[in-house]
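File shown: entry.cif. Contents: mmCIF, C-alpha atoms and all ligand atoms.
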```cif
data_upload
#
loop_
_atom_site.group_PDB
_atom_site.id
_atom_site.type_symbol
_atom_site.label_atom_id
_atom_site.label_comp_id
_atom_site.auth_asym_id
_atom_site.auth_seq_id
_atom_site.Cartn_x
_atom_site.Cartn_y
_atom_site.Cartn_z
ATOM 1 C CA MET J 1019 16.498 -3.786 3.706
ATOM 2 C CA ALA J 1020 14.108 -5.132 6.331
ATOM 3 C CA ASN J 1021 12.731 -2.504 8.715
ATOM 4 C CA GLU J 1022 11.197 -3.446 12.034
ATOM 5 C CA ILE J 1023 7.651 -2.265 12.695
ATOM 6 C CA SER J 1024 6.500 -1.775 16.277
ATOM 7 C CA LYS J 1025 3.163 -3.203 17.373
ATOM 8 C CA ASP J 1026 2.504 0.259 18.878
ATOM 9 C CA ILE J 1027 1.842 1.584 15.365
ATOM 10 C CA ILE J 1028 -1.639 0.005 15.237
ATOM 11 C CA LYS J 1029 -3.418 2.354 17.668
ATOM 12 C CA PRO J 1030 -2.289 5.673 16.121
ATOM 13 C CA LEU J 1031 -2.769 4.264 12.609
ATOM 14 C CA ASN J 1032 -6.364 3.341 13.361
ATOM 15 C CA GLU J 1033 -6.963 6.721 15.004
ATOM 16 C CA TRP J 1034 -5.595 8.386 11.868
ATOM 17 C CA LEU J 1035 -7.893 6.284 9.662
ATOM 18 C CA TRP J 1036 -11.026 7.000 11.690
ATOM 19 C CA LYS J 1037 -10.242 10.677 12.093
ATOM 20 C CA ASN J 1038 -9.995 11.013 8.328
ATOM 21 C CA GLY J 1039 -13.258 9.259 7.602
ATOM 22 C CA PHE J 1040 -12.110 5.758 6.681
ATOM 23 C CA VAL J 1041 -13.859 2.635 7.970
ATOM 24 C CA THR J 1042 -10.931 0.355 7.081
ATOM 25 C CA THR J 1043 -8.845 -0.759 10.077
ATOM 26 C CA CYS J 1044 -5.268 -1.912 10.564
ATOM 27 C CA ILE J 1045 -4.208 -5.059 12.397
ATOM 28 C CA TYR J 1046 -0.762 -6.335 13.330
ATOM 29 C CA TYR J 1047 -0.176 -9.433 11.288
ATOM 30 C CA GLU J 1048 2.793 -11.509 12.317
ATOM 31 C CA GLU J 1049 2.858 -13.856 9.353
ATOM 32 C CA GLY J 1050 2.932 -12.162 6.007
ATOM 33 C CA VAL J 1051 3.531 -8.984 4.087
ATOM 34 C CA LEU J 1052 1.799 -5.596 4.009
ATOM 35 C CA GLN J 1053 -1.539 -6.441 2.463
ATOM 36 C CA TYR J 1054 -5.185 -5.430 2.215
ATOM 37 C CA ASN J 1055 -7.718 -8.091 3.152
ATOM 38 C CA PRO J 1056 -11.024 -7.264 1.403
ATOM 39 C CA ALA J 1057 -13.003 -9.901 3.339
ATOM 40 C CA SER J 1058 -12.439 -8.122 6.678
ATOM 41 C CA ASP J 1059 -11.657 -4.626 5.293
ATOM 42 C CA GLU J 1060 -8.343 -4.694 7.159
ATOM 43 C CA ILE J 1061 -4.837 -3.642 6.270
ATOM 44 C CA ARG J 1062 -2.396 -6.202 7.619
ATOM 45 C CA ILE J 1063 0.691 -4.544 9.074
ATOM 46 C CA PRO J 1064 3.638 -6.956 9.150
ATOM 47 C CA THR J 1065 6.365 -7.093 11.807
ATOM 48 C CA GLU J 1066 8.984 -6.200 9.207
ATOM 49 C CA TYR J 1067 8.879 -4.152 6.058
ATOM 50 C CA ASP J 1068 11.118 -4.784 3.066
ATOM 51 C CA ASP J 1069 11.864 -1.450 1.385
ATOM 52 C CA GLU J 1070 13.486 -3.036 -1.683
ATOM 53 C CA PRO J 1071 10.522 -2.419 -4.059
ATOM 54 C CA ASP J 1072 10.104 1.215 -2.855
ATOM 55 C CA ARG J 1073 12.400 2.669 -5.509
ATOM 56 C CA LEU J 1074 10.178 1.213 -8.240
ATOM 57 C CA LEU J 1075 6.967 2.107 -6.417
ATOM 58 C CA MET J 1076 8.042 5.739 -6.158
ATOM 59 C CA LYS J 1077 9.035 5.771 -9.832
ATOM 60 C CA CYS J 1078 5.619 4.385 -10.723
ATOM 61 C CA LEU J 1079 3.797 6.897 -8.466
ATOM 62 C CA ARG J 1080 5.726 9.857 -9.855
ATOM 63 C CA LYS J 1081 4.685 8.741 -13.355
ATOM 64 C CA LEU J 1082 1.089 8.826 -12.125
ATOM 65 C CA GLY J 1083 1.608 12.414 -10.971
ATOM 66 C CA LEU J 1084 2.750 12.223 -7.337
ATOM 67 C CA LYS J 1085 4.030 15.699 -6.431
ATOM 68 C CA LYS J 1086 4.977 15.383 -2.766
ATOM 69 C CA ARG J 1087 7.918 13.504 -1.322
ATOM 70 C CA PHE J 1088 6.839 10.811 1.077
ATOM 71 C CA LYS J 1089 8.639 7.640 2.117
ATOM 72 C CA GLY J 1090 7.900 4.398 0.316
ATOM 73 C CA PHE J 1091 6.278 2.889 3.371
ATOM 74 C CA THR J 1092 3.868 5.823 3.721
ATOM 75 C CA MET J 1093 2.871 5.442 0.081
ATOM 76 C CA SER J 1094 2.577 1.675 0.516
ATOM 77 C CA ILE J 1095 0.049 2.167 3.325
ATOM 78 C CA LEU J 1096 -1.863 4.565 1.057
ATOM 79 C CA HIS J 1097 -1.659 1.970 -1.721
ATOM 80 C CA GLU J 1098 -3.322 -0.632 0.532
ATOM 81 C CA LEU J 1099 -5.928 1.925 1.594
ATOM 82 C CA GLY J 1100 -6.361 2.629 -2.115
ATOM 83 C CA HIS J 1101 -7.354 -1.001 -2.605
ATOM 84 C CA ALA J 1102 -10.040 -0.560 0.058
ATOM 85 C CA GLN J 1103 -11.261 2.678 -1.535
ATOM 86 C CA THR J 1104 -11.419 1.343 -5.105
ATOM 87 C CA LEU J 1105 -12.633 -2.192 -4.378
ATOM 88 C CA ASP J 1106 -16.273 -1.417 -5.189
ATOM 89 C CA LEU J 1107 -15.346 -0.221 -8.669
ATOM 90 C CA PHE J 1108 -14.591 -3.816 -9.634
ATOM 91 C CA THR J 1109 -17.114 -6.603 -10.064
ATOM 92 C CA ASP J 1110 -16.179 -9.950 -8.488
ATOM 93 C CA LYS J 1111 -15.422 -11.252 -11.952
ATOM 94 C CA GLU J 1112 -13.092 -8.329 -12.692
ATOM 95 C CA SER J 1113 -11.327 -8.759 -9.340
ATOM 96 C CA ARG J 1114 -10.810 -12.453 -10.019
ATOM 97 C CA LYS J 1115 -9.391 -11.623 -13.439
ATOM 98 C CA CYS J 1116 -6.864 -9.227 -11.847
ATOM 99 C CA ASP J 1117 -5.850 -11.903 -9.336
ATOM 100 C CA LYS J 1118 -5.397 -14.421 -12.131
ATOM 101 C CA ILE J 1119 -3.143 -12.081 -14.132
ATOM 102 C CA LYS J 1120 -1.005 -11.474 -11.016
ATOM 103 C CA GLU J 1121 -0.757 -15.191 -10.277
ATOM 104 C CA ASP J 1122 0.421 -15.777 -13.840
ATOM 105 C CA TYR J 1123 3.108 -13.101 -13.403
ATOM 106 C CA GLN J 1124 4.393 -14.913 -10.341
ATOM 107 C CA ASP J 1125 4.868 -17.975 -12.501
ATOM 108 C CA THR J 1126 6.410 -16.266 -15.497
ATOM 109 C CA ILE J 1127 8.352 -13.197 -14.282
ATOM 110 C CA ASP J 1128 11.169 -13.308 -11.721
ATOM 111 C CA GLU J 1129 9.711 -11.778 -8.561
ATOM 112 C CA ASN J 1130 12.995 -10.019 -7.812
ATOM 113 C CA SER J 1131 13.241 -8.296 -11.168
ATOM 114 C CA ASP J 1132 12.215 -4.691 -11.844
ATOM 115 C CA ASP J 1133 9.903 -5.971 -14.590
ATOM 116 C CA TYR J 1134 7.868 -7.924 -12.085
ATOM 117 C CA TYR J 1135 6.667 -4.864 -10.170
ATOM 118 C CA LEU J 1136 6.347 -2.655 -13.222
ATOM 119 C CA GLU J 1137 4.057 -5.250 -14.835
ATOM 120 C CA TYR J 1138 2.267 -5.984 -11.556
ATOM 121 C CA TRP J 1139 1.314 -2.333 -11.066
ATOM 122 C CA LYS J 1140 -0.210 -2.243 -14.551
ATOM 123 C CA VAL J 1141 -2.930 -4.701 -13.522
ATOM 124 C CA LYS J 1142 -6.159 -2.704 -13.172
ATOM 125 C CA ASP J 1143 -6.746 -3.125 -9.426
ATOM 126 C CA GLU J 1144 -3.116 -2.183 -8.677
ATOM 127 C CA TYR J 1145 -3.302 0.788 -11.053
ATOM 128 C CA ALA J 1146 -6.489 1.910 -9.277
ATOM 129 C CA ALA J 1147 -4.873 1.572 -5.816
ATOM 130 C CA ASN J 1148 -1.773 3.502 -6.900
ATOM 131 C CA SER J 1149 -3.815 6.205 -8.624
ATOM 132 C CA TRP J 1150 -5.927 6.641 -5.493
ATOM 133 C CA ALA J 1151 -2.752 6.887 -3.355
ATOM 134 C CA VAL J 1152 -1.352 9.604 -5.654
ATOM 135 C CA MET J 1153 -4.647 11.509 -5.614
ATOM 136 C CA TYR J 1154 -4.816 11.349 -1.800
ATOM 137 C CA ALA J 1155 -1.201 12.436 -1.271
ATOM 138 C CA ASN J 1156 -1.575 15.323 -3.750
ATOM 139 C CA CYS J 1157 -4.945 16.514 -2.386
ATOM 140 C CA PHE J 1158 -4.277 15.988 1.336
ATOM 141 C CA PRO J 1159 -0.534 16.426 1.983
ATOM 142 C CA LYS J 1160 -1.123 17.632 5.568
ATOM 143 C CA LYS J 1161 -3.060 14.494 6.471
ATOM 144 C CA VAL J 1162 -0.411 12.338 4.824
ATOM 145 C CA LYS J 1163 2.311 14.191 6.740
ATOM 146 C CA GLU J 1164 0.548 13.133 9.949
ATOM 147 C CA LEU J 1165 0.507 9.558 8.690
ATOM 148 C CA ALA J 1166 4.221 9.811 7.846
ATOM 149 C CA LYS J 1167 4.917 11.030 11.396
ATOM 150 C CA ILE J 1168 3.134 8.007 12.909
ATOM 151 C CA ILE J 1169 5.214 5.749 10.671
ATOM 152 C CA GLU J 1170 8.427 7.596 11.512
ATOM 153 C CA GLU J 1171 7.773 7.065 15.225
ATOM 154 C CA ASN J 1172 7.010 3.352 14.938
ATOM 155 C CA VAL J 1173 9.206 1.948 12.208
ATOM 156 C CA ASN J 1174 12.889 1.372 12.769
ATOM 157 C CA PHE J 1175 14.294 2.383 9.373
ATOM 158 C CA GLY J 1176 17.531 0.390 9.472
HETATM 159 ZN ZN ZN U 1 -1.665 -3.732 -4.331
#
```
How does this structure look as structure tokens?
Ligand SMILES: [Zn+2]
Amino acid sequence: MANEISKDIIKPLNEWLWKNGFVTTCIYYEEGVLQYNPASDEIRIPTEYDDEPDRLLMKCLRKLGLKKRFKGFTMSILHELGHAQTLDLFTDKESRKCDKIKEDYQDTIDENSDDYYLEYWKVKDEYAANSWAVMYANCFPKKVKELAKIIEENVNFG
């Protein structure tokens, strides 16, 4: 289901990021999906959020050891922040290799199938982002609860 995201989410999201020591920022991005842009160190927040892949994301995160119950969208934001936090672990060559593997998946696996996401999240940069998100949620549940509250107040969960 598509869930509407209010533009008002940007200010409190950025305040949450800065307060917790991150230099990454969020911007409202009217054309596209939730995504991390490494060139500008920005998380692009779309106008609508499709929660269809959340079931698989949560399954994947629980396998990685996620203990707390947070909504898919909260964990998706942490996943994008996880990309920012783990980016420096990868050389440019390694990052390009990850991108290439993901592009190949788009050509060979049906994007709407469960297999697509399960394979996608095995690619090293995605695994790193998800592992970081699990670590952060498990270590800092209070901070993540605050993030969840900001999301709750600004996303119209259909
Ligand atoms: Zn990702």
- request: Give me the residues within 12 Å of region 1077-1089 of chain J as a PyMOL selection string, counting all atoms listed in the file and dropping any in the same chain fewer than 5 places off.
  value: chain J and resi 1069+1071-1072+1094-1097+1132-1133+1135-1140+1144-1167+1169-1170+1173+1175
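CA of Val1051 (chain J) is found 11.4 Å from CA of Glu1098 (chain J).
Interatomic distance, CA of Lys1120 (chain J) to CA of Phe1108 (chain J): 15.7 Å.
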message: So that I can see what lies close to region 1036-1049 of chain J, please list as a count of residues only the residues with an atom at most 12 Å from it, counting all atoms listed in the file and leaving out residues fewer than 6 positions away in the same chain.
response: 38
- prompt: With only C-alpha atoms as the atoms that count, which of J:Glu1171, J:Asp1122, J:Glu1129, J:Glu1112 lies nearest to Lys1142 (chain J)?
  reply: J:Glu1112
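If all atoms listed in the file are the atoms counted, then among J:Asn1130, J:Gly1176, J:Asp1143, J:Met1076 the closest residue to ligand ZN 1 (chain U) is J:Asp1143.
The closest residue to ligand ZN 1 (chain U), picked from J:Asp1068, J:Asp1125, J:Glu1033, J:Asp1117 and counting only C-alpha atoms and all ligand atoms, is J:Asp1117.
With distances taken over all atoms listed in the file, J:Ala1020 is the one residue among J:Ala1020, J:Val1141, J:Leu1035, J:Leu1052 lying closest to Glu1070 (chain J).
Nearest to ligand ZN 1 (chain U) of all the residues J:Ile1168, J:Leu1031, J:Cys1116, J:Ile1127 is J:Cys1116, based on only C-alpha atoms and all ligand atoms.
Between CA of Asp1106 (chain J) and atom ZN of ligand ZN 1 (chain U) the separation is 14.8 Å.
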- request: Give the answer as one residue: which of J:Gln1053, J:Met1093, J:Thr1104, J:Gln1124 has the shortest atom-to-atom distance to ligand ZN 1 (chain U), using only C-alpha atoms and all ligand atoms?
  value: J:Gln1053
